[in-house]
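File shown: my_file21.json. Contents: JSON, C-alpha atoms.
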[["chain", "number", "residue", "atom", "x", "y", "z"],
["W", 1, "MET", "CA", 0.00, 0.00, 0.00],
["W", 2, "ALA", "CA", 1.44, 3.36, -1.06],
["W", 3, "ALA", "CA", 0.39, 6.24, 1.17],
["W", 4, "PRO", "CA", 1.43, 9.90, 1.06],
["W", 5, "VAL", "CA", 3.70, 11.32, 3.75],
["W", 6, "LEU", "CA", 2.85, 14.72, 5.17],
["W", 7, "ARG", "CA", 5.87, 16.67, 6.43],
["W", 8, "CYS", "CA", 4.97, 19.27, 9.05],
["W", 9, "ALA", "CA", 6.78, 22.15, 10.68],
["W", 10, "ALA", "CA", 6.54, 22.70, 14.43],
["W", 11, "GLY", "CA", 3.22, 24.37, 15.20],
["W", 12, "GLN", "CA", 1.57, 23.31, 11.93],
["W", 13, "THR", "CA", -2.05, 22.15, 12.10],
["W", 14, "ILE", "CA", -2.48, 18.69, 10.58],
["W", 15, "PHE", "CA", -6.27, 18.71, 10.84],
["W", 16, "SER", "CA", -8.83, 20.71, 12.78],
["W", 17, "ALA", "CA", -12.00, 19.79, 14.64],
["W", 18, "GLY", "CA", -14.83, 19.79, 12.10],
["W", 19, "ASP", "CA", -12.68, 18.68, 9.14],
["W", 20, "ALA", "CA", -13.73, 15.61, 7.18],
["W", 21, "ALA", "CA", -12.56, 12.41, 8.88],
["W", 22, "ASP", "CA", -11.47, 10.49, 5.80],
["W", 23, "SER", "CA", -8.06, 9.14, 6.83],
["W", 24, "ILE", "CA", -6.04, 7.71, 9.70],
["W", 25, "MET", "CA", -2.54, 8.97, 10.44],
["W", 26, "TYR", "CA", 0.66, 7.19, 11.47],
["W", 27, "VAL", "CA", 3.57, 9.15, 12.95],
["W", 28, "LEU", "CA", 6.90, 8.33, 11.31],
["W", 29, "LYS", "CA", 8.84, 11.11, 13.02],
["W", 30, "GLY", "CA", 8.16, 13.85, 15.54],
["W", 31, "THR", "CA", 5.46, 14.60, 18.11],
["W", 32, "VAL", "CA", 1.80, 15.53, 17.59],
["W", 33, "LYS", "CA", -0.71, 16.82, 20.12],
["W", 34, "LEU", "CA", -4.43, 16.15, 19.93],
["W", 35, "SER", "CA", -6.57, 18.80, 21.56],
["W", 36, "VAL", "CA", -10.09, 20.11, 21.98],
["W", 37, "VAL", "CA", -11.21, 23.65, 22.78],
["W", 38, "SER", "CA", -14.05, 24.36, 25.18],
["W", 39, "LYS", "CA", -16.81, 26.90, 24.52],
["W", 40, "MET", "CA", -14.88, 29.23, 26.84],
["W", 41, "GLY", "CA", -11.86, 28.96, 24.54],
["W", 42, "ARG", "CA", -9.73, 26.84, 26.85],
["W", 43, "GLU", "CA", -7.60, 24.17, 25.19],
["W", 44, "ALA", "CA", -7.40, 20.67, 26.67],
["W", 45, "VAL", "CA", -4.68, 18.36, 25.35],
["W", 46, "VAL", "CA", -6.20, 14.89, 25.22],
["W", 47, "ALA", "CA", -3.21, 12.98, 23.83],
["W", 48, "ILE", "CA", 0.40, 13.29, 22.73],
["W", 49, "VAL", "CA", 1.41, 10.88, 19.96],
["W", 50, "ARG", "CA", 4.90, 10.14, 18.68],
["W", 51, "ALA", "CA", 6.77, 7.97, 16.21],
["W", 52, "GLY", "CA", 5.07, 4.57, 16.01],
["W", 53, "ASP", "CA", 1.64, 5.86, 17.05],
["W", 54, "PHE", "CA", -1.60, 6.14, 15.10],
["W", 55, "PHE", "CA", -4.11, 8.96, 15.42],
["W", 56, "GLY", "CA", -7.36, 9.97, 13.77],
["W", 57, "GLU", "CA", -8.61, 6.39, 14.13],
["W", 58, "ALA", "CA", -12.17, 7.52, 14.96],
["W", 59, "CYS", "CA", -12.80, 7.62, 11.21],
["W", 60, "LEU", "CA", -12.85, 3.81, 11.29],
["W", 61, "ALA", "CA", -15.92, 4.00, 13.55],
["W", 62, "ASP", "CA", -17.85, 5.97, 10.92],
["W", 63, "ARG", "CA", -17.12, 9.37, 12.45],
["W", 64, "ARG", "CA", -17.47, 11.73, 9.50],
["W", 65, "LYS", "CA", -16.00, 14.81, 11.17],
["W", 66, "ARG", "CA", -12.83, 15.27, 13.21],
["W", 67, "GLU", "CA", -13.60, 15.87, 16.88],
["W", 68, "ARG", "CA", -10.07, 16.97, 17.78],
["W", 69, "THR", "CA", -7.38, 19.21, 16.38],
["W", 70, "ALA", "CA", -4.00, 17.66, 15.59],
["W", 71, "THR", "CA", -0.95, 19.92, 15.74],
["W", 72, "ALA", "CA", 2.71, 19.07, 15.15],
["W", 73, "MET", "CA", 4.72, 19.94, 18.27],
["W", 74, "SER", "CA", 8.01, 19.45, 16.46],
["W", 75, "ARG", "CA", 9.12, 18.81, 12.89],
["W", 76, "SER", "CA", 7.14, 15.71, 12.02],
["W", 77, "ALA", "CA", 6.48, 13.23, 9.24],
["W", 78, "VAL", "CA", 3.03, 11.63, 9.16],
["W", 79, "VAL", "CA", 1.72, 8.89, 6.86],
["W", 80, "VAL", "CA", -1.82, 9.63, 5.67],
["W", 81, "ILE", "CA", -3.82, 6.41, 5.11],
["W", 82, "ASP", "CA", -7.21, 6.57, 3.44],
["W", 83, "ARG", "CA", -9.99, 5.17, 5.64],
["W", 84, "THR", "CA", -11.04, 2.58, 3.07],
["W", 85, "ASP", "CA", -7.43, 1.47, 2.46],
["W", 86, "MET", "CA", -6.85, 1.11, 6.21],
["W", 87, "GLY", "CA", -9.88, -1.13, 6.53],
["W", 88, "GLN", "CA", -8.56, -3.34, 3.74],
["W", 89, "VAL", "CA", -5.08, -3.49, 5.29],
["W", 90, "LEU", "CA", -6.48, -4.50, 8.69],
["W", 91, "ARG", "CA", -8.27, -7.41, 7.01],
["W", 92, "THR", "CA", -5.33, -8.64, 4.94],
["W", 93, "GLU", "CA", -2.12, -7.83, 6.86],
["W", 94, "PRO", "CA", -1.98, -9.59, 10.24],
["W", 95, "ALA", "CA", 1.23, -7.88, 11.39],
["W", 96, "LEU", "CA", -0.17, -4.38, 10.96],
["W", 97, "ARG", "CA", -3.51, -5.47, 12.41],
["W", 98, "ASP", "CA", -1.75, -6.75, 15.54],
["W", 99, "ARG", "CA", 0.22, -3.51, 15.85],
["W", 100, "PHE", "CA", -2.94, -1.46, 15.53],
["W", 101, "ILE", "CA", -4.78, -3.53, 18.15],
["W", 102, "GLU", "CA", -1.83, -3.11, 20.52],
["W", 103, "HIS", "CA", -1.92, 0.63, 19.91],
["W", 104, "MET", "CA", -5.64, 0.83, 20.72],
["W", 105, "LEU", "CA", -5.27, -1.23, 23.89],
["W", 106, "LEU", "CA", -2.41, 0.95, 25.11],
["W", 107, "ARG", "CA", -4.39, 4.09, 24.22],
["W", 108, "ASN", "CA", -7.33, 2.86, 26.31],
["W", 109, "LEU", "CA", -5.09, 2.01, 29.26],
["W", 110, "ARG", "CA", -3.50, 5.44, 29.04],
["W", 111, "ALA", "CA", -6.92, 7.13, 28.97],
["W", 112, "GLU", "CA", -7.94, 5.23, 32.13],
["W", 113, "ALA", "CA", -4.66, 6.16, 33.83],
["W", 114, "ASP", "CA", -5.14, 9.83, 32.88],
["W", 115, "LEU", "CA", -8.65, 9.86, 34.31],
["W", 116, "LEU", "CA", -7.45, 8.30, 37.57],
["W", 117, "ASP", "CA", -4.60, 10.80, 37.66],
["W", 118, "GLN", "CA", -7.06, 13.71, 37.42],
["W", 119, "LEU", "CA", -9.12, 12.28, 40.28],
["W", 120, "VAL", "CA", -6.42, 11.37, 42.81],
["W", 121, "SER", "CA", -3.20, 13.25, 42.00],
["W", 122, "SER", "CA", -2.10, 16.78, 42.77],
["W", 123, "CYS", "CA", -1.30, 19.25, 39.99],
["W", 124, "GLU", "CA", 2.39, 18.87, 40.81],
["W", 125, "GLN", "CA", 2.22, 15.09, 40.42],
["W", 126, "ARG", "CA", 0.24, 15.31, 37.19],
["W", 127, "LEU", "CA", 2.80, 17.69, 35.71],
["W", 128, "ALA", "CA", 5.69, 15.46, 36.80],
["W", 129, "ARG", "CA", 3.98, 12.42, 35.29],
["W", 130, "ALA", "CA", 3.28, 14.25, 32.02],
["W", 131, "LEU", "CA", 6.93, 15.31, 31.69],
["W", 132, "LEU", "CA", 8.16, 11.80, 32.46],
["W", 133, "LEU", "CA", 5.81, 10.30, 29.87],
["W", 134, "LEU", "CA", 6.90, 12.82, 27.25],
["W", 135, "ALA", "CA", 10.49, 11.80, 27.98],
["W", 136, "ARG", "CA", 9.46, 8.10, 27.76],
["W", 137, "TYR", "CA", 10.61, 7.16, 31.25],
["W", 138, "GLY", "CA", 9.10, 3.82, 32.15],
["W", 139, "LYS", "CA", 8.19, 2.92, 28.54],
["W", 140, "ARG", "CA", 9.28, -0.63, 27.82],
["W", 141, "CYS", "CA", 11.93, -1.22, 25.15],
["W", 142, "LYS", "CA", 12.51, 2.50, 24.70],
["W", 143, "ARG", "CA", 15.46, 4.56, 25.84],
["W", 144, "PRO", "CA", 14.27, 7.72, 27.60],
["W", 145, "LYS", "CA", 14.49, 10.83, 25.45],
["W", 146, "LYS", "CA", 15.77, 13.04, 28.23],
["W", 147, "VAL", "CA", 15.96, 16.28, 26.25],
["W", 148, "LEU", "CA", 12.64, 17.49, 24.82],
["W", 149, "PRO", "CA", 11.87, 20.48, 22.62],
["W", 150, "MET", "CA", 10.74, 23.44, 24.66],
["W", 151, "MET", "CA", 6.95, 23.69, 24.81],
["W", 152, "SER", "CA", 4.69, 26.44, 26.05],
["W", 153, "GLN", "CA", 3.39, 26.37, 29.59],
["W", 154, "SER", "CA", -0.11, 26.78, 28.14],
["W", 155, "THR", "CA", 0.34, 23.46, 26.34],
["W", 156, "LEU", "CA", 1.56, 21.79, 29.54],
["W", 157, "ALA", "CA", -1.41, 23.28, 31.39],
["W", 158, "GLY", "CA", -3.72, 21.77, 28.77],
["W", 159, "ILE", "CA", -2.10, 18.36, 29.29],
["W", 160, "VAL", "CA", -2.41, 18.31, 33.08],
["W", 161, "GLY", "CA", -5.74, 20.14, 33.36],
["W", 162, "SER", "CA", -4.50, 23.18, 35.26],
["W", 163, "THR", "CA", -3.61, 26.84, 34.69],
["W", 164, "ARG", "CA", -0.50, 28.31, 33.13],
["W", 165, "SER", "CA", 0.37, 30.09, 36.39],
["W", 166, "ARG", "CA", 0.28, 26.81, 38.36],
["W", 167, "VAL", "CA", 2.42, 25.08, 35.74],
["W", 168, "ASN", "CA", 4.88, 27.99, 35.86],
["W", 169, "TYR", "CA", 5.13, 27.68, 39.66],
["W", 170, "PHE", "CA", 5.86, 23.96, 39.58],
["W", 171, "MET", "CA", 8.24, 24.16, 36.61],
["W", 172, "ASN", "CA", 10.27, 26.76, 38.51],
["W", 173, "ARG", "CA", 10.20, 24.51, 41.56],
["W", 174, "PHE", "CA", 11.32, 21.45, 39.56],
["W", 175, "GLU", "CA", 14.19, 23.49, 38.09],
["W", 176, "ARG", "CA", 15.22, 24.84, 41.49],
["W", 177, "LEU", "CA", 15.30, 21.30, 42.93],
["W", 178, "GLY", "CA", 17.35, 20.01, 39.98],
["W", 179, "PHE", "CA", 14.64, 17.75, 38.53],
["W", 180, "ILE", "CA", 14.67, 19.54, 35.15],
["W", 181, "GLU", "CA", 16.88, 21.92, 33.19],
["W", 182, "ARG", "CA", 15.68, 24.45, 30.62],
["W", 183, "ALA", "CA", 18.90, 25.44, 28.87],
["W", 184, "GLY", "CA", 19.07, 24.30, 25.24],
["W", 185, "GLY", "CA", 15.82, 22.37, 25.46],
["W", 186, "LEU", "CA", 13.86, 20.80, 28.29],
["W", 187, "THR", "CA", 15.96, 18.18, 30.11],
["W", 188, "ILE", "CA", 13.97, 15.73, 32.24],
["W", 189, "LYS", "CA", 15.95, 13.96, 34.96],
["W", 190, "ARG", "CA", 15.11, 10.58, 36.49],
["W", 191, "SER", "CA", 14.92, 12.20, 39.92],
["W", 192, "LEU", "CA", 11.57, 13.71, 38.87],
["W", 193, "LEU", "CA", 10.12, 10.23, 39.45],
["W", 194, "ARG", "CA", 10.22, 11.04, 43.16],
["W", 195, "VAL", "CA", 7.56, 13.71, 42.69],
["W", 196, "SER", "CA", 5.16, 11.45, 40.79],
["W", 197, "GLN", "CA", 5.47, 8.83, 43.53],
["W", 198, "GLU", "CA", 5.00, 11.13, 46.53],
["W", 199, "THR", "CA", 1.95, 11.14, 48.77],
["W", 200, "ASN", "CA", -0.63, 13.52, 47.31],
["W", 201, "HIS", "CA", -0.45, 17.19, 48.17],
["W", 202, "ALA", "CA", -3.24, 19.70, 47.92],
["W", 203, "ARG", "CA", -4.56, 19.84, 44.38]]
Would you write out, as structure tokens, the structure that this file holds?
Amino acid sequence: MAAPVLRCAAGQTIFSAGDAADSIMYVLKGTVKLSVVSKMGREAVVAIVRAGDFFGEACLADRRKRERTATAMSRSAVVVIDRTDMGQVLRTEPALRDRFIEHMLLRNLRAEADLLDQLVSSCEQRLARALLLLARYGKRCKRPKKVLPMMSQSTLAGIVGSTRSRVNYFMNRFERLGFIERAGGLTIKRSLLRVSQETNHAR
């Protein structure tokens, strides 16, 4: 199956909520955020996908319109697979079908973990966990990517479900305690794991 590759600059919109949902995407390179915007104009980041991940899969469930906006967070390369072609591939190529099923199972587990995190963890813990996940700490068979591209505090706030001012406070605290560095990129240190494992503070 030949599928076009979309090459995106950092900050480029790949698709927007309301666009036709006629394809599924596969990330070859880079990082993409999936977000929704409330009626009050507040952005919530519902997922971060990276190389080896699919997104836009709701089109396979007969969703005709995109419900989320996908934005490249860094220079990215994304394979665009037509919805009909993807259905055919899932029926005829067991290896890709197994990879896609694994992706969906992991996505569901992550969604459950994120919901639990919102219910029981402090803002500080949620931010620490988000940074550790972005750096791939704890991800099996992957070496942590300790240095991340700098991202806005508004984006981080959208990921953890808090305000930019709260994120700014905790980022400054993490830097002061030596858990992160912000020179030449965002460096995430393993010691940040201590924060995500602490007894909950006030939210």
Taking all atoms of range 181-191 of chain W that the file lists, what box with edges along x, y and z, padded by 5 Å per side, do you get, with centre and edge lengths in Å to one decimal, as lines of an AutoDock Vina configuration file?
center_x = 16.5
center_y = 18.0
center_z = 32.6
size_x = 15.2
size_y = 24.9
size_z = 24.7
Legend entry - Point-to-point distance from CA of Val167 in chain W to CA of Leu132 in chain W, Å rounded to tenths: 14.8 Å
Legend entry - Selection near range 29-35 of chain W, 10 Å with only C-alpha atoms, sequence-local residues under 4 positions removed, as a PyMOL selection string: chain W and resi 7-17+43-53+55-56+67-79+134+149+155+158-159
For the selection you just gave me, I'd like the residues written to a file as a PDB file, in the frame of the given file, keeping C-alpha atoms.
ATOM      1  CA  ARG W   7       5.870  16.670   6.430  1.00  0.00           C
ATOM      2  CA  CYS W   8       4.970  19.270   9.050  1.00  0.00           C
ATOM      3  CA  ALA W   9       6.780  22.150  10.680  1.00  0.00           C
ATOM      4  CA  ALA W  10       6.540  22.700  14.430  1.00  0.00           C
ATOM      5  CA  GLY W  11       3.220  24.370  15.200  1.00  0.00           C
ATOM      6  CA  GLN W  12       1.570  23.310  11.930  1.00  0.00           C
ATOM      7  CA  THR W  13      -2.050  22.150  12.100  1.00  0.00           C
ATOM      8  CA  ILE W  14      -2.480  18.690  10.580  1.00  0.00           C
ATOM      9  CA  PHE W  15      -6.270  18.710  10.840  1.00  0.00           C
ATOM     10  CA  SER W  16      -8.830  20.710  12.780  1.00  0.00           C
ATOM     11  CA  ALA W  17     -12.000  19.790  14.640  1.00  0.00           C
ATOM     12  CA  GLU W  43      -7.600  24.170  25.190  1.00  0.00           C
ATOM     13  CA  ALA W  44      -7.400  20.670  26.670  1.00  0.00           C
ATOM     14  CA  VAL W  45      -4.680  18.360  25.350  1.00  0.00           C
ATOM     15  CA  VAL W  46      -6.200  14.890  25.220  1.00  0.00           C
ATOM     16  CA  ALA W  47      -3.210  12.980  23.830  1.00  0.00           C
ATOM     17  CA  ILE W  48       0.400  13.290  22.730  1.00  0.00           C
ATOM     18  CA  VAL W  49       1.410  10.880  19.960  1.00  0.00           C
ATOM     19  CA  ARG W  50       4.900  10.140  18.680  1.00  0.00           C
ATOM     20  CA  ALA W  51       6.770   7.970  16.210  1.00  0.00           C
ATOM     21  CA  GLY W  52       5.070   4.570  16.010  1.00  0.00           C
ATOM     22  CA  ASP W  53       1.640   5.860  17.050  1.00  0.00           C
ATOM     23  CA  PHE W  55      -4.110   8.960  15.420  1.00  0.00           C
ATOM     24  CA  GLY W  56      -7.360   9.970  13.770  1.00  0.00           C
ATOM     25  CA  GLU W  67     -13.600  15.870  16.880  1.00  0.00           C
ATOM     26  CA  ARG W  68     -10.070  16.970  17.780  1.00  0.00           C
ATOM     27  CA  THR W  69      -7.380  19.210  16.380  1.00  0.00           C
ATOM     28  CA  ALA W  70      -4.000  17.660  15.590  1.00  0.00           C
ATOM     29  CA  THR W  71      -0.950  19.920  15.740  1.00  0.00           C
ATOM     30  CA  ALA W  72       2.710  19.070  15.150  1.00  0.00           C
ATOM     31  CA  MET W  73       4.720  19.940  18.270  1.00  0.00           C
ATOM     32  CA  SER W  74       8.010  19.450  16.460  1.00  0.00           C
ATOM     33  CA  ARG W  75       9.120  18.810  12.890  1.00  0.00           C
ATOM     34  CA  SER W  76       7.140  15.710  12.020  1.00  0.00           C
ATOM     35  CA  ALA W  77       6.480  13.230   9.240  1.00  0.00           C
ATOM     36  CA  VAL W  78       3.030  11.630   9.160  1.00  0.00           C
ATOM     37  CA  VAL W  79       1.720   8.890   6.860  1.00  0.00           C
ATOM     38  CA  LEU W 134       6.900  12.820  27.250  1.00  0.00           C
ATOM     39  CA  PRO W 149      11.870  20.480  22.620  1.00  0.00           C
ATOM     40  CA  THR W 155       0.340  23.460  26.340  1.00  0.00           C
ATOM     41  CA  GLY W 158      -3.720  21.770  28.770  1.00  0.00           C
ATOM     42  CA  ILE W 159      -2.100  18.360  29.290  1.00  0.00           C
TER      43      ILE W 159
END
Legend entry - Near-Arg66 in chain W list (6 Å; all atoms listed in the file; drop same-chain fewer than 3 positions) as a list in words: Ala17, Gly18, Asp19 and Ala21 of chain W
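Distances from W:Ile81, W:Gly87, W:Gln197, W:Val5 to Leu28 in chain W were compared using all atoms listed in the file, and the smallest one belongs to W:Val5.
Taking CA of Asn172 in chain W and CA of Val120 in chain W as the two end points, the separation is 23.1 Å.
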Inset, instruction - Find the residue from W:Met171, W:Val37, W:Ala20, W:Cys59 that sits nearest to Gln125 in chain W; use only C-alpha atoms when measuring. - result: W:Met171
